[in-house]
$ cat entry29.cif   # mmCIF, C-alpha atoms
data_target
loop_
_atom_site.label_atom_id
_atom_site.label_comp_id
_atom_site.auth_asym_id
_atom_site.auth_seq_id
_atom_site.Cartn_x
_atom_site.Cartn_y
_atom_site.Cartn_z
CA MET L 138 170.87 37.09 80.93
CA THR L 139 168.51 38.91 78.63
CA LYS L 140 167.92 36.09 76.19
CA LEU L 141 166.79 33.75 78.95
CA ASP L 142 164.20 36.10 80.36
CA PRO L 143 161.70 37.29 77.75
CA GLU L 144 159.92 39.61 80.21
CA HIS L 145 163.13 41.36 81.12
CA ASN L 146 164.02 41.59 77.47
CA ASP L 147 160.64 43.12 76.65
CA ASP L 148 161.17 45.65 79.40
CA MET L 149 164.53 46.66 77.99
CA LEU L 150 163.10 46.79 74.46
CA ALA L 151 160.27 49.02 75.68
CA ALA L 152 162.78 51.35 77.34
CA GLU L 153 164.94 51.45 74.21
CA TYR L 154 161.86 52.13 72.12
CA ALA L 155 160.83 54.95 74.47
CA LEU L 156 164.33 56.42 74.22
CA HIS L 157 164.19 56.03 70.42
CA VAL L 158 167.53 54.21 70.19
CA LEU L 159 166.28 51.13 68.32
CA SER L 160 167.19 50.68 64.68
CA PRO L 161 164.37 51.45 62.23
CA GLU L 162 163.84 47.70 61.68
CA ASP L 163 163.69 46.88 65.40
CA ARG L 164 161.46 49.88 65.97
CA ALA L 165 158.99 48.75 63.31
CA ALA L 166 158.99 45.21 64.72
CA PHE L 167 158.30 46.57 68.21
CA GLU L 168 155.45 48.73 66.90
CA ALA L 169 153.88 45.73 65.21
CA ARG L 170 153.92 43.88 68.52
CA LEU L 171 152.53 46.92 70.37
CA GLU L 172 149.36 46.73 68.31
CA LEU L 173 148.68 43.26 69.62
CA GLU L 174 150.18 43.04 73.09
CA GLY L 175 148.57 45.00 75.89
CA GLY L 176 151.33 43.96 78.30
CA LEU L 177 153.94 45.51 76.05
CA ARG L 178 151.92 48.73 75.89
CA GLN L 179 151.95 48.85 79.70
CA ARG L 180 155.71 48.39 79.81
CA LEU L 181 156.12 51.17 77.28
CA ALA L 182 153.78 53.48 79.21
CA PHE L 183 155.84 52.89 82.35
CA TRP L 184 159.00 54.05 80.64
CA ALA L 185 157.47 56.81 78.56
CA ASN L 186 155.74 58.36 81.57
CA HIS L 187 158.93 58.25 83.63
CA PHE L 188 161.22 59.50 80.89
CA ALA L 189 158.85 62.37 80.21
CA GLY L 190 159.91 63.60 83.65
CA LEU L 191 163.29 64.39 82.08
CA SER L 192 161.55 66.98 79.93
CA SER L 193 161.30 69.16 83.01
CA GLU L 194 164.89 70.06 82.08
CA ILE L 195 163.70 71.57 78.84
CA THR L 196 162.96 75.27 78.87
CA PRO L 197 159.81 76.21 76.97
CA VAL L 198 160.40 78.52 74.03
CA ALA L 199 157.52 80.52 72.55
CA PRO L 200 157.05 79.47 68.92
CA PRO L 201 156.60 82.18 66.26
CA LYS L 202 153.10 83.70 66.26
CA SER L 203 152.62 82.83 62.59
CA LEU L 204 152.53 79.14 63.47
CA ARG L 205 149.39 79.56 65.55
CA ARG L 206 147.68 81.28 62.63
CA ARG L 207 148.67 78.50 60.24
CA LEU L 208 147.35 75.86 62.61
CA ALA L 209 144.09 77.72 63.16
CA GLN L 210 143.69 77.86 59.39
CA ALA L 211 144.56 74.22 58.91
CA VAL L 212 141.78 73.04 61.21
CA GLN L 213 139.08 75.16 59.60
CA PRO L 214 136.01 72.96 59.21
CA ILE L 215 135.53 73.71 55.51
CA THR L 216 137.96 74.31 52.72
CA THR L 217 137.08 73.79 49.10
CA GLU L 218 140.78 73.56 48.38
CA PRO L 219 142.31 71.40 51.09
CA VAL L 220 144.92 73.19 53.13
CA ARG L 221 148.18 71.67 52.09
CA LEU L 222 150.84 71.31 54.67
CA ARG L 223 154.17 69.68 54.53
CA ARG L 224 154.11 66.27 55.99
CA PHE L 225 156.10 63.13 55.69
CA SER L 226 156.77 60.11 57.78
CA PRO L 227 160.31 58.90 57.36
CA MET L 228 159.99 56.10 59.89
CA ARG L 229 157.24 54.47 57.87
CA LEU L 230 159.34 54.73 54.75
CA PHE L 231 162.51 53.46 56.38
CA GLY L 232 160.95 50.01 56.47
CA GLY L 233 161.12 49.90 52.69
CA GLY L 234 164.88 49.95 52.65
CA ALA L 235 167.39 51.89 50.69
CA VAL L 236 165.10 53.03 47.89
CA ALA L 237 162.65 54.42 50.40
CA LEU L 238 165.50 56.03 52.27
CA ALA L 239 166.64 57.74 49.10
CA LEU L 240 163.06 58.88 48.62
CA VAL L 241 162.98 60.33 52.12
CA VAL L 242 166.16 62.21 51.41
CA ALA L 243 164.68 63.47 48.18
CA LEU L 244 161.51 64.54 49.97
CA VAL L 245 163.40 66.29 52.69
CA VAL L 246 165.48 68.12 50.16
CA GLN L 247 162.56 69.14 48.02
CA LEU L 248 159.66 69.62 50.35
CA PRO L 249 160.52 72.62 52.50
CA ASP L 250 158.23 75.51 51.71
CA MET L 251 156.46 73.79 48.87
CA ARG L 252 152.74 74.16 49.37
CA LEU L 253 151.45 73.63 45.90
CA PRO L 254 148.04 72.04 45.90
CA THR L 255 148.05 68.76 44.01
CA PRO L 256 145.04 68.21 41.78
CA PHE L 257 142.32 66.06 43.30
CA GLU L 258 142.22 62.81 41.33
CA PRO L 259 139.85 60.43 43.04
CA GLY L 260 140.06 56.74 42.21
CA TYR L 261 137.37 55.52 44.61
CA PHE L 262 133.71 56.41 44.96
CA ALA L 263 130.78 55.68 47.23
CA GLY L 264 127.20 56.80 46.93
CA ILE L 265 125.45 56.86 50.29
CA SER L 266 121.69 57.04 50.00
CA ALA L 267 119.71 57.33 53.21
CA GLN L 268 116.14 57.88 54.29
CA GLU L 269 114.80 56.42 51.05
CA GLY L 270 116.78 58.83 48.92
CA ALA L 271 115.98 61.93 50.96
CA LEU L 272 119.68 62.22 51.86
CA VAL L 273 122.27 61.49 49.20
CA LEU L 274 126.01 61.84 49.60
CA ASN L 275 128.55 61.28 46.88
CA VAL L 276 131.95 60.48 48.29
CA SER L 277 135.14 60.43 46.27
CA TYR L 278 138.59 59.53 47.53
CA SER L 279 142.10 59.86 46.23
CA ALA L 280 144.31 57.10 47.62
CA GLN L 281 147.38 58.99 46.42
CA SER L 282 146.75 62.15 48.37
CA GLY L 283 144.46 60.90 51.14
CA ASP L 284 141.87 63.54 50.25
CA LEU L 285 138.22 62.72 50.62
CA ARG L 286 135.52 64.84 49.00
CA VAL L 287 131.92 64.66 50.13
CA GLU L 288 129.22 66.19 48.01
CA ARG L 289 125.81 66.42 49.60
CA ALA L 290 123.56 65.98 46.58
CA ALA L 291 120.24 65.90 48.47
CA GLY L 292 118.91 66.35 51.97
CA ALA L 293 120.55 67.67 55.10
CA ALA L 294 121.13 66.86 58.74
CA PRO L 295 118.04 66.99 60.98
CA ALA L 296 117.51 70.41 62.59
CA GLY L 297 120.06 71.12 65.29
CA ARG L 298 122.14 68.10 64.32
CA VAL L 299 125.20 67.52 62.14
CA LEU L 300 126.26 64.74 59.80
CA GLN L 301 129.36 62.74 60.66
CA LEU L 302 131.20 60.43 58.28
CA TRP L 303 132.78 57.18 59.47
CA VAL L 304 134.87 54.40 58.04
CA ILE L 305 134.38 50.89 59.35
CA THR L 306 137.85 49.51 59.81
CA GLY L 307 140.14 47.48 62.04
CA ASP L 308 139.94 44.04 63.56
CA PRO L 309 137.40 43.66 65.04
CA PRO L 310 135.80 46.21 62.70
CA ALA L 311 134.73 49.45 64.37
CA PRO L 312 133.65 52.86 63.11
CA VAL L 313 136.42 55.47 63.08
CA SER L 314 135.44 59.09 62.49
CA LEU L 315 136.52 60.75 59.25
CA GLY L 316 135.04 64.05 60.35
CA VAL L 317 131.93 66.13 60.81
CA LEU L 318 130.50 67.48 57.60
CA PRO L 319 130.17 71.27 57.39
CA GLU L 320 126.89 72.94 56.49
CA GLY L 321 127.90 73.57 52.87
CA THR L 322 127.14 71.01 50.17
CA LEU L 323 130.81 70.29 49.44
CA ALA L 324 133.37 69.21 51.99
CA ASP L 325 137.00 68.23 51.63
CA LEU L 326 138.28 66.06 54.42
CA ARG L 327 141.78 64.92 55.03
CA VAL L 328 141.97 61.28 55.93
CA PRO L 329 144.45 60.70 58.79
CA GLU L 330 147.62 59.09 57.48
CA ASN L 331 147.14 55.97 59.53
CA LEU L 332 143.73 55.34 57.95
CA GLN L 333 144.55 56.20 54.35
CA SER L 334 145.38 52.68 53.25
CA ASP L 335 142.29 51.29 54.99
CA LEU L 336 139.84 53.26 52.89
CA PRO L 337 139.82 51.56 49.48
CA GLY L 338 137.10 48.90 49.61
CA ALA L 339 136.02 49.86 53.13
CA THR L 340 132.47 50.61 54.23
CA LEU L 341 131.61 54.24 54.93
CA ALA L 342 128.76 55.24 57.20
CA ILE L 343 126.95 58.49 57.86
CA SER L 344 125.34 59.27 61.20
CA GLU L 345 123.45 62.20 62.66
CA GLU L 346 125.11 63.70 65.73
CA PRO L 347 124.99 66.63 68.11
CA PRO L 348 126.85 69.78 66.95
CA GLY L 349 130.59 69.15 67.11
CA GLY L 350 130.14 65.47 66.41
CA SER L 351 129.69 62.34 68.43
CA PRO L 352 130.93 62.73 72.01
CA ILE L 353 131.91 59.06 72.13
CA ALA L 354 134.32 56.87 70.17
CA GLY L 355 131.66 55.63 67.72
CA PRO L 356 128.41 57.14 66.43
CA SER L 357 126.13 58.35 69.24
CA GLY L 358 123.18 59.18 66.99
CA GLU L 359 121.39 57.18 64.35
CA VAL L 360 123.41 55.64 61.52
CA LEU L 361 121.52 56.87 58.47
CA GLY L 362 123.23 54.94 55.73
CA THR L 363 126.30 53.05 54.60
CA ALA L 364 128.06 52.31 51.33
CA ALA L 365 131.29 50.68 50.21
CA LEU L 366 134.06 52.84 48.78
CA THR L 367 134.87 51.07 45.54
CA GLU L 368 137.24 51.63 42.67
CA ALA L 369 135.83 53.66 39.81
CA MET X 224 149.75 76.73 85.83
CA THR X 225 148.02 74.19 83.67
CA THR X 226 147.35 70.89 85.38
CA PRO X 227 147.58 67.45 83.74
CA GLU X 228 143.79 67.27 84.09
CA ASP X 229 143.41 70.51 82.10
CA ILE X 230 145.65 69.13 79.36
CA GLU X 231 143.74 65.87 79.25
CA HIS X 232 140.46 67.74 79.01
CA LEU X 233 141.81 69.73 76.05
CA ILE X 234 143.07 66.59 74.28
CA LEU X 235 139.68 64.90 74.68
CA ALA X 236 137.91 67.99 73.35
CA THR X 237 140.37 68.11 70.44
CA ALA X 238 139.41 64.52 69.67
CA ARG X 239 135.87 65.83 69.19
CA GLN X 240 137.30 68.24 66.62
CA ASP X 241 136.80 71.21 68.94
CA ARG X 242 138.96 73.87 67.28
CA ALA X 243 138.94 76.24 70.25
CA ALA X 244 140.13 73.47 72.54
CA PHE X 245 142.83 72.55 70.02
CA LEU X 246 144.12 76.12 70.00
CA SER X 247 143.96 76.27 73.80
CA LEU X 248 146.00 73.08 73.87
CA TYR X 249 148.50 74.75 71.57
CA ASP X 250 148.62 77.82 73.80
CA ALA X 251 149.15 75.68 76.89
CA THR X 252 151.77 73.29 75.51
CA GLY X 253 153.18 74.78 72.28
CA ALA X 254 156.15 76.45 73.99
CA LYS X 255 157.08 73.28 75.85
CA LEU X 256 156.84 71.14 72.72
CA PHE X 257 158.77 73.75 70.74
CA GLY X 258 161.46 73.48 73.41
CA VAL X 259 161.47 69.70 72.97
CA CYS X 260 161.85 70.01 69.18
CA LEU X 261 164.54 72.69 69.50
CA ARG X 262 166.51 70.62 71.96
CA VAL X 263 166.64 67.72 69.49
CA LEU X 264 167.01 69.68 66.26
CA ARG X 265 168.94 72.76 67.37
CA ASP X 266 167.54 74.63 64.41
CA LYS X 267 164.68 77.08 64.76
CA ALA X 268 163.22 76.79 61.26
CA GLU X 269 163.27 73.00 61.32
CA ALA X 270 161.84 72.88 64.82
CA GLU X 271 159.00 75.17 63.77
CA ASP X 272 158.28 73.01 60.76
CA VAL X 273 158.22 69.88 62.88
CA LEU X 274 156.06 71.54 65.54
CA GLN X 275 153.46 72.32 62.88
CA ASP X 276 153.39 68.67 61.82
CA VAL X 277 153.23 67.63 65.45
CA PHE X 278 150.14 69.70 66.18
CA LEU X 279 148.39 68.56 63.00
CA LYS X 280 149.10 65.01 64.10
CA ILE X 281 147.64 65.83 67.51
CA TRP X 282 144.55 67.25 65.79
CA ARG X 283 144.09 64.12 63.68
CA ASN X 284 144.99 61.52 66.28
CA ALA X 285 143.64 62.97 69.51
CA ASP X 286 140.98 60.25 69.51
CA ARG X 287 143.74 57.69 69.98
CA TYR X 288 145.13 59.33 73.09
CA LYS X 289 143.35 57.04 75.53
CA VAL X 290 144.62 53.81 74.01
CA ASN X 291 148.17 53.65 75.32
CA GLY X 292 148.14 54.61 79.00
CA PHE X 293 150.41 57.62 78.52
CA SER X 294 149.85 60.63 80.76
CA PRO X 295 148.57 63.61 78.73
CA MET X 296 151.91 65.46 78.73
CA THR X 297 153.81 62.24 77.98
CA TRP X 298 151.58 61.65 74.98
CA LEU X 299 152.18 65.16 73.63
CA ILE X 300 155.92 65.12 74.33
CA THR X 301 156.24 61.70 72.69
CA ILE X 302 154.63 62.95 69.48
CA ALA X 303 156.90 66.00 69.48
CA ARG X 304 160.05 64.01 70.27
CA ASN X 305 159.32 61.38 67.64
CA GLY X 306 158.65 64.05 65.03
CA ALA X 307 161.87 65.87 65.88
CA ILE X 308 163.98 62.71 66.04
CA ASP X 309 162.60 61.44 62.73
CA ARG X 310 163.56 64.77 61.19
CA LEU X 311 166.98 64.69 62.85
CA ARG X 312 167.74 61.21 61.52
CA ALA X 313 166.56 62.17 58.04
CA ARG X 314 168.87 65.16 58.20
CA LYS X 315 171.75 62.93 59.25
CA THR X 316 171.20 60.61 56.31
CA ARG X 317 171.83 63.69 54.19
CA GLY X 318 175.28 63.77 55.70
CA GLU X 319 174.93 66.79 57.94
CA SER X 320 176.75 66.03 61.13
CA LEU X 321 176.07 67.22 64.59
CA ASP X 322 178.84 68.36 66.85
CA LEU X 323 178.36 66.06 69.80
CA ALA X 324 180.62 68.15 71.99
CA ASP X 325 177.84 70.76 71.92
CA VAL X 326 175.32 68.21 73.08
CA LEU X 327 177.12 66.27 75.81
CA PRO X 328 177.78 66.59 78.66
CA ASP X 329 174.47 67.92 79.67
CA PRO X 330 174.43 71.32 81.37
CA GLY X 331 172.36 69.80 84.16
CA PRO X 332 168.77 70.03 85.17
CA THR X 333 167.02 73.37 85.08
CA PRO X 334 163.62 72.45 86.48
CA GLU X 335 160.66 74.60 85.66
CA ALA X 336 156.96 74.50 86.30
CA SER X 337 155.06 72.41 83.82
CA ALA X 338 152.15 70.08 83.50
CA ILE X 339 154.46 67.15 84.03
CA ALA X 340 153.70 65.92 87.51
CA ALA X 341 156.50 67.28 89.64
CA SER X 342 156.74 63.99 91.50
CA GLU X 343 157.39 62.12 88.26
CA ALA X 344 160.15 64.50 87.27
CA ALA X 345 161.75 64.29 90.70
CA ARG X 346 161.48 60.52 90.66
CA VAL X 347 163.33 59.92 87.41
CA GLN X 348 165.94 62.57 88.25
CA GLY X 349 166.47 60.99 91.66
CA CYS X 350 166.89 57.53 90.14
CA LEU X 351 169.32 58.82 87.52
CA LYS X 352 171.46 60.09 90.39
CA GLU X 353 171.94 56.47 91.46
CA LEU X 354 173.76 55.82 88.18
CA GLN X 355 177.35 56.81 87.44
CA SER X 356 177.27 60.29 85.97
CA ASP X 357 178.39 59.26 82.48
CA ARG X 358 175.76 56.52 82.38
CA ALA X 359 173.06 58.93 83.45
CA GLY X 360 174.42 61.28 80.78
CA ALA X 361 173.90 58.59 78.15
CA VAL X 362 170.25 58.14 79.13
CA ARG X 363 169.75 61.92 79.03
CA GLY X 364 171.57 62.18 75.69
CA ALA X 365 169.32 59.54 74.17
CA TYR X 366 166.11 60.96 75.58
CA LEU X 367 166.65 64.70 75.40
CA ASP X 368 168.96 64.98 72.40
CA GLY X 369 167.76 62.01 70.37
CA LEU X 370 171.21 60.42 70.15
CA THR X 371 171.59 56.94 68.65
CA TYR X 372 173.58 54.06 70.11
CA GLN X 373 176.29 54.75 67.54
CA GLU X 374 176.56 58.40 68.54
CA LEU X 375 176.65 57.52 72.21
CA ALA X 376 179.32 54.88 71.54
CA ASP X 377 181.37 57.43 69.59
CA HIS X 378 181.03 60.00 72.32
CA TYR X 379 182.06 57.68 75.14
CA ASP X 380 184.62 56.04 72.89
CA VAL X 381 183.43 52.47 73.46
CA PRO X 382 182.34 49.77 70.98
CA LEU X 383 178.69 49.80 69.97
CA ASN X 384 177.92 46.54 71.78
CA THR X 385 179.53 47.82 74.96
CA MET X 386 177.41 50.95 74.74
CA ARG X 387 174.30 48.85 74.39
CA THR X 388 175.25 46.68 77.37
CA TRP X 389 175.97 49.82 79.40
CA LEU X 390 172.69 51.44 78.61
CA ARG X 391 170.71 48.28 79.25
CA ARG X 392 172.37 47.89 82.64
CA SER X 393 171.56 51.51 83.41
CA LEU X 394 167.96 50.94 82.36
CA GLN X 395 167.76 47.88 84.59
CA THR X 396 169.03 49.88 87.58
CA LEU X 397 166.58 52.66 86.71
CA LYS X 398 163.74 50.19 86.51
CA GLU X 399 164.49 48.81 89.96
CA CYS X 400 164.69 52.31 91.40
CA LEU X 401 161.52 53.53 89.66
CA SER X 402 159.57 50.46 90.76
CA ARG X 403 160.43 50.90 94.43
#

$ encode --input "entry29.cif" --output "C-alpha cells"
Amino acid sequence: MTKLDPEHNDDMLAAEYALHVLSPEDRAAFEARLELEGGLRQRLAFWANHFAGLSSEITPVAPPKSLRRRLAQAVQPITTEPVRLRRFSPMRLFGGGAVALALVVALVVQLPDMRLPTPFEPGYFAGISAQEGALVLNVSYSAQSGDLRVERAAGAAPAGRVLQLWVITGDPPAPVSLGVLPEGTLADLRVPENLQSDLPGATLAISEEPPGGSPIAGPSGEVLGTAALTEA
Amino acid sequence: MTTPEDIEHLILATARQDRAAFLSLYDATGAKLFGVCLRVLRDKAEAEDVLQDVFLKIWRNADRYKVNGFSPMTWLITIARNGAIDRLRARKTRGESLDLADVLPDPGPTPEASAIAASEAARVQGCLKELQSDRAGAVRGAYLDGLTYQELADHYDVPLNTMRTWLRRSLQTLKECLSR
C-alpha cells in the first residue's frame, strides 16, 4: 500500500523521522529533501508538534547550577580566546560510513572533559574597507576550527550603533548573521557549524545596526562594505 | 507558568543574540530539556554534557526557529531529543548496552504543567489510547526513550520488518485520529 501512495509514504517517513527511528542513511536522505520541500516540512511539523505532547510525561529535573554559569560564559560577547566547548555531530559524520563512525567513537572516547584551546590557524582572509578607508576590518578564518577573528584596524561604528558581520550564502543568496562585533578592536566569533563550510570563498558584509544587532533576518541598517573571504 | 508565547518571545530575542533572554530561556526550559535528555540517556553526566551542547545550539541557531513550523516547545524539545539520541547511539556503537527491561513497559503518563499546550498533550495521549497498549508502548519507547526499530523488535520479539509494519500501522491510525 505504501509504495503506491507517495503522499502516504511521505507522511510515514516524516513520522519515522520525528520519532528518530530511521537509519542514518534514510535520515540524511530525508533531511536533504526537507531543505527543498515545503510540503514535507509541514508533514514533519504535524508529527513533531503532536509527538512533543508526549513530553508532558517527562518530569523536569533541575540541571546542576554550574551549567548555567558555563552557558552564561560561553555567550559572552567578547573573548580573546574563544570559549571552547565540547561539541560533535555524530549524525553528520555517520553519512561518511565506517571510517567516520570509527572517528565518532574515537571522539566520544577522547573528548569528555577536554577543553584545550586549539591554536588559531586561519587559512582564509578578507579585508573589508568601508567609507573610503575610514573603517577597515581584517577578517581571518580557520576552516578547521570554525573560528573567525575580526580585527578592527581603523574606524568604528557610528555613535549609538554597532557593527554586524554577515556572510552572503545560500540559494538564493541571502545575508546570514555571523554576529555583532563588540566594542573592542579584536573579536573572536564562532561560526555556527552549519555555516562553517559555506565561508571559504563567500562574500562577507559589514552593516551598522542598532545595539544588539539587526532586529530582522537581514541587515536593517546600511551595509558599509563587503569583501570576499579568500584563501591566503 | 510560562506560556508558549513567552517561550517564543525568548527564542526570538535569543536569535538577536540577547544574552539575558537566552538565560531566561534556559531558566524557563532547562529543567524540562534536562528531563528529556535524562530520559533518553539515563546518565546524569552525559545528559548534562548534552544539555550544554543543546543550549549552545539554541544560541547559535535561534534565528532558524521560524523556518520549520514547529511550536516553540517542540523546537526546543526536538533539539534536546536529537542531541540525546545522537549521543545514545554513539554510546551504543561503543558496545555499551541498555537494559530494555528498565525502559519498557512505560510507567504511564505523569502529566505536569508545562509550556506544551495542554490540549496537544491530551490529544496525542487520547489517540494513543485507541491503539493496542503494546503498540502505543512502541511509539512511546521510540519517542521518549529513543529506541531504534531493532531494539523495539527485540523487545517485542518480532522480526524487524514486522516491527516496522506494526509501527507504520500505528502511525497511520494515529494520523487519522489526530486529523479528526

$ residues_near_point --input "entry29.cif" --point "(153.2, 68.2, 67.3)" --cutoff "9 Å" --atoms "all atoms listed in the file" --output "count of residues only"
20

$ closest_residue --input "entry29.cif" --among "X:Glu271, X:Ala244, X:Cys260, X:Arg239" --to "Arg287 in chain X" --atoms "all atoms listed in the file"
X:Arg239

$ closest_residue --input "entry29.cif" --among "L:Leu285, L:Leu326, L:Ala271, L:Leu159" --to "chain X" --atoms "all atoms listed in the file"
L:Leu159

$ resolve_selection --input "entry29.cif" --expression "the PyMOL selection byres ((chain L) within 8 of (chain X))" --output "tab-separated table (two decimals) with C-alpha atoms, in the coordinates of the input"
chain	number	residue	atom	x	y	z
L	149	MET	CA	164.53	46.66	77.99
L	152	ALA	CA	162.78	51.35	77.34
L	156	LEU	CA	164.33	56.42	74.22
L	157	HIS	CA	164.19	56.03	70.42
L	158	VAL	CA	167.53	54.21	70.19
L	159	LEU	CA	166.28	51.13	68.32
L	178	ARG	CA	151.92	48.73	75.89
L	179	GLN	CA	151.95	48.85	79.70
L	182	ALA	CA	153.78	53.48	79.21
L	185	ALA	CA	157.47	56.81	78.56
L	186	ASN	CA	155.74	58.36	81.57
L	187	HIS	CA	158.93	58.25	83.63
L	188	PHE	CA	161.22	59.50	80.89
L	189	ALA	CA	158.85	62.37	80.21
L	190	GLY	CA	159.91	63.60	83.65
L	191	LEU	CA	163.29	64.39	82.08
L	192	SER	CA	161.55	66.98	79.93
L	193	SER	CA	161.30	69.16	83.01
L	194	GLU	CA	164.89	70.06	82.08
L	195	ILE	CA	163.70	71.57	78.84
L	196	THR	CA	162.96	75.27	78.87
L	197	PRO	CA	159.81	76.21	76.97
L	198	VAL	CA	160.40	78.52	74.03
L	199	ALA	CA	157.52	80.52	72.55
L	200	PRO	CA	157.05	79.47	68.92
L	201	PRO	CA	156.60	82.18	66.26
L	204	LEU	CA	152.53	79.14	63.47
L	205	ARG	CA	149.39	79.56	65.55
L	208	LEU	CA	147.35	75.86	62.61
L	209	ALA	CA	144.09	77.72	63.16
L	211	ALA	CA	144.56	74.22	58.91
L	212	VAL	CA	141.78	73.04	61.21
L	213	GLN	CA	139.08	75.16	59.60
L	223	ARG	CA	154.17	69.68	54.53
L	224	ARG	CA	154.11	66.27	55.99
L	226	SER	CA	156.77	60.11	57.78
L	227	PRO	CA	160.31	58.90	57.36
L	228	MET	CA	159.99	56.10	59.89
L	241	VAL	CA	162.98	60.33	52.12
L	242	VAL	CA	166.16	62.21	51.41
L	245	VAL	CA	163.40	66.29	52.69
L	316	GLY	CA	135.04	64.05	60.35
L	329	PRO	CA	144.45	60.70	58.79
L	349	GLY	CA	130.59	69.15	67.11
L	350	GLY	CA	130.14	65.47	66.41
L	351	SER	CA	129.69	62.34	68.43
L	352	PRO	CA	130.93	62.73	72.01
L	354	ALA	CA	134.32	56.87	70.17

$ residues_around --input "entry29.cif" --residues "Arg289 in chain L" --least-positions-apart "3" --cutoff "8 Å" --atoms "only C-alpha atoms" --output "PyMOL selection string"
chain L and resi 272-275+292-293+322-323

$ atom_distance --input "entry29.cif" --atom1 "CA of Trp389 in chain X" --atom2 "CA of Ala165 in chain L"
23.4 Å

$ axis_aligned_box --input "entry29.cif" --around "range 309-323 of chain L" --padding-each-side "4 Å" --output "JSON"
{"center_x": 132.1, "center_y": 58.6, "center_z": 57.2, "size_x": 18.5, "size_y": 37.9, "size_z": 23.6}

$ atom_distance --input "entry29.cif" --atom1 "CA of Ala151 in chain L" --atom2 "CA of Phe183 in chain L"
8.9 Å

$ resolve_selection --input "entry29.cif" --expression "the PyMOL selection byres ((chain L and resi 302) around 9)" --output "list in words"
Leu300, Gln301, Trp303, Val304, Val313, Ser314, Leu315, Gly316, Val317, Leu318, Leu341, Ala342, Ile343 and Ser344 of chain L
